[in-house]
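J.: Would you mind keeping the following structure in view while I ask a few things?
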Amino acid sequence: MSAASPVIERGTAASRIAAIAVALIIALLAIAPQFLSVGAVDRMTALFIYVILAAMWNALAGFGGLVSVGQQVFFGLGAYFSIRLADAGLNPFVALFVSAIVVGAVSWPISLFMLRLRNGEFAIGMWVIAALTHLLVNLDRLVQGETGTSLISLNVYDASTRRVAIYWLALASMTALLAVLFGLLRGSTGAAIRAIRDNEDAAASVGVRVTGTKRLLFVLAAFGIGIAGALWLATSITFQPKTYFSVQWTAYMIFMVLVGGIGTFEGAILGALLFFLIETWFGGAGVWYLIGLGATALAFSLLLPRGLWGTLEERFGLRLLPVGYSVRIPVNATLTTGETASPAQTTTSREKA
């Protein structure tokens, strides 16, 4: 049997169709408030925030190998700095994005010592940072401890105008962050990120700037989650530290990524959509809702460790938003006898950097 020449590819017909579909969906979402009810606009805004949270945690843990259970620190700080900046006289809508920049800036010195830790030490270390930050925010007299405060300056805007503006800001933020992350992962930095995840020492031995690359990913994830926290504050107005600094937010991120497919770009988006639907349908079930989330996450970890999208990708080779290359042996590879190779004699590798 003659050896078939392997095909190295990234873009496929499916991915090109998916790119067009994504553009159309975003365009439809941009005009959707004209047709949606008040409640639907609020729910869609929540969905955009969930997508941001899932994508940022997946970037950090799924692609970078930095598993954290303390990302709620950046979610809480995004909301806190919005309150502080608005109280200082900044326009509340401007404050939402300036606060995310401040969160990104704050995450840089945190990364100086946190990125020295690995694996479980890093995960628990981030949880400790979140708990300490929660306590420090409680000391702010403006926040009034666990009593909390509100983004009062948003109330000067008409409720319907404010609702649609926050919707568009959330949609724009989600789209921009996904685009930046997608571009980053498709470039040389993305290859370095995945190399570090697979084997940090080996990556360093071939010239990858391990610390700098990890720090870039850490700050980007903090910035994105900071925007999510600020936007959530804008939708709820009220800020209570115990709510925004709760580990429950990181639990939601982990759930979305595990169910959707860790380490796949599409998986985080799918996981956020599934979580959104589950919350919409069963969120009123109280403690049983949380029990159901935990049981679902456990079931996926045991039965579908690569998540829904990871399983589909592995079984059918479906790649809609590929960030790496894949190696494929053509199906029509010819044998020395002139026969055509059967599907069993063809293979498609998993996506590579």
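Ligands are numbered from 1 in the order shown, chains are lettered A, B, ... in the order of the structure tokens, and residues start at 1 in each chain.
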With the cut-off set at 6 Å and counting only C-alpha atoms, tabulate each residue of segment 55-97 of chain A with an atom at most that distance from an atom of segment 119-131 of chain A, showing the nearest atom pair and its distance in Å to one decimal, ordered by chain and increasing number, as CSV.
T.:
```
residue,atom,partner,partner_atom,distance
A:Val67,CA,A:Ala123,CA,5.6
A:Ser68,CA,A:Ala123,CA,4.1
A:Val69,CA,A:Ala123,CA,5.4
A:Gly70,CA,A:Trp127,CA,3.9
A:Val73,CA,A:Ala130,CA,4.4
```
J.: Take the residues from that selection and put them in a file with N, CA, C and O atoms, as a PDB file, in the first residue's frame.
T.:
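The resulting part.pdb:
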```
ATOM      1  N   VAL A  67      -5.555  26.133  35.926  1.00  0.00           N
ATOM      2  CA  VAL A  67      -6.863  25.867  36.549  1.00  0.00           C
ATOM      3  C   VAL A  67      -6.995  26.706  37.810  1.00  0.00           C
ATOM      4  O   VAL A  67      -6.192  26.591  38.733  1.00  0.00           O
ATOM      5  N   SER A  68      -8.013  27.556  37.839  1.00  0.00           N
ATOM      6  CA  SER A  68      -8.211  28.471  38.968  1.00  0.00           C
ATOM      7  C   SER A  68      -9.601  28.289  39.552  1.00  0.00           C
ATOM      8  O   SER A  68     -10.573  28.121  38.817  1.00  0.00           O
ATOM      9  N   VAL A  69      -9.699  28.363  40.875  1.00  0.00           N
ATOM     10  CA  VAL A  69     -11.007  28.382  41.536  1.00  0.00           C
ATOM     11  C   VAL A  69     -11.212  29.722  42.240  1.00  0.00           C
ATOM     12  O   VAL A  69     -12.024  29.832  43.149  1.00  0.00           O
ATOM     13  N   GLY A  70     -10.480  30.737  41.771  1.00  0.00           N
ATOM     14  CA  GLY A  70     -10.597  32.052  42.392  1.00  0.00           C
ATOM     15  C   GLY A  70     -10.836  33.179  41.417  1.00  0.00           C
ATOM     16  O   GLY A  70     -10.602  34.349  41.746  1.00  0.00           O
ATOM     17  N   VAL A  73     -12.567  36.731  41.972  1.00  0.00           N
ATOM     18  CA  VAL A  73     -11.918  37.957  42.445  1.00  0.00           C
ATOM     19  C   VAL A  73     -11.996  39.046  41.387  1.00  0.00           C
ATOM     20  O   VAL A  73     -12.244  40.221  41.695  1.00  0.00           O
TER      21      VAL A  73
END
```
J.: Per residue of segment 88-200 of chain A within 12 Å of segment 213-227 of chain A, which atom pair is closest and at what distance in Å (one decimal), using only C-alpha atoms, listed by chain and increasing number, as a tab-separated table?
T.:
```
residue	atom	partner	partner_atom	distance
A:Phe93	CA	A:Ile227	CA	11.5
A:Val94	CA	A:Ile227	CA	11.5
A:Ala95	CA	A:Ile227	CA	10.4
A:Leu96	CA	A:Ile227	CA	6.9
A:Phe97	CA	A:Ile227	CA	6.4
A:Val98	CA	A:Ile227	CA	9.0
A:Ser99	CA	A:Gly226	CA	7.2
A:Ala100	CA	A:Gly226	CA	4.7
A:Ile101	CA	A:Phe223	CA	6.4
A:Val102	CA	A:Phe223	CA	8.2
A:Val103	CA	A:Phe223	CA	5.9
A:Gly104	CA	A:Phe223	CA	4.5
A:Ala105	CA	A:Val219	CA	7.7
A:Val106	CA	A:Val219	CA	8.7
A:Ser107	CA	A:Val219	CA	5.8
A:Trp108	CA	A:Val219	CA	6.2
A:Pro109	CA	A:Val219	CA	9.8
A:Ile110	CA	A:Val219	CA	9.4
A:Ser111	CA	A:Arg215	CA	6.3
A:Leu112	CA	A:Arg215	CA	8.1
A:Phe113	CA	A:Arg215	CA	10.6
A:Met114	CA	A:Arg215	CA	9.7
A:Leu115	CA	A:Arg215	CA	7.5
A:Arg116	CA	A:Lys214	CA	10.4
A:Leu117	CA	A:Lys214	CA	11.7
A:Arg118	CA	A:Lys214	CA	11.6
A:Phe122	CA	A:Phe218	CA	11.9
A:Met126	CA	A:Phe218	CA	11.5
A:Ile166	CA	A:Ile227	CA	11.8
A:Leu169	CA	A:Ile227	CA	9.9
A:Ala170	CA	A:Ile227	CA	8.7
A:Leu171	CA	A:Ile227	CA	11.6
A:Ala172	CA	A:Ile227	CA	11.1
A:Ser173	CA	A:Ile227	CA	7.7
A:Met174	CA	A:Gly224	CA	8.7
A:Thr175	CA	A:Gly224	CA	11.4
A:Ala176	CA	A:Gly224	CA	10.0
A:Leu177	CA	A:Gly224	CA	6.9
A:Leu178	CA	A:Gly224	CA	9.7
A:Val180	CA	A:Leu220	CA	9.5
A:Leu181	CA	A:Leu220	CA	8.6
A:Leu184	CA	A:Leu217	CA	9.5
A:Leu185	CA	A:Leu217	CA	10.2
A:Ser188	CA	A:Thr213	CA	10.6
A:Thr189	CA	A:Thr213	CA	7.2
A:Gly190	CA	A:Thr213	CA	9.1
A:Ala191	CA	A:Thr213	CA	10.4
A:Ala192	CA	A:Thr213	CA	7.3
A:Ile193	CA	A:Thr213	CA	6.6
A:Arg194	CA	A:Thr213	CA	10.3
A:Ala195	CA	A:Thr213	CA	10.6
A:Ile196	CA	A:Lys214	CA	8.2
A:Arg197	CA	A:Lys214	CA	9.6
A:Glu200	CA	A:Lys214	CA	10.3
```
J.: Nearest to Ala295 of chain A among A:Leu273, A:Val259, A:Ala19, A:Phe265, with distances taken over only C-alpha atoms: which residue is it?
T.: A:Val259
J.: Could you please determine the separation between atom CA of Ala299 of chain A and atom CA of Phe48 of chain A in Å, to one decimal place?
T.: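 Going from atom CA of Ala299 of chain A over to atom CA of Phe48 of chain A, I get 25.8 Å.
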J.: Report as a count of residues only all protein, DNA and RNA residues lying within 6 Å of Ile237 of chain A, evaluated on only C-alpha atoms, omitting residues in the same chain fewer than 3 positions from it.
T.: 4
J.: Run DSSP on the backbone and grab whatever in segment 85-179 of chain A lands in alpha helix (DSSP H); send it over as an MDAnalysis selection string.
T.: chainID A and resid 85:87 92:114 119:138 159:179
J.: Residues at most 10 Å from Leu321 of chain A, counting only C-alpha atoms, excluding those fewer than 4 positions away in the same chain, as a ChimeraX atom specification?
T.: /A:10-12,14-16,18-19,22,182,264-266
J.: Choose the residue, out of A:Ala59, A:Ile25, A:Ala46, A:Ile31, that has the smallest atom-to-atom separation from Gly267 of chain A; count only C-alpha atoms.
T.: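 So, comparing all the options, the nearest one is A:Ala59.
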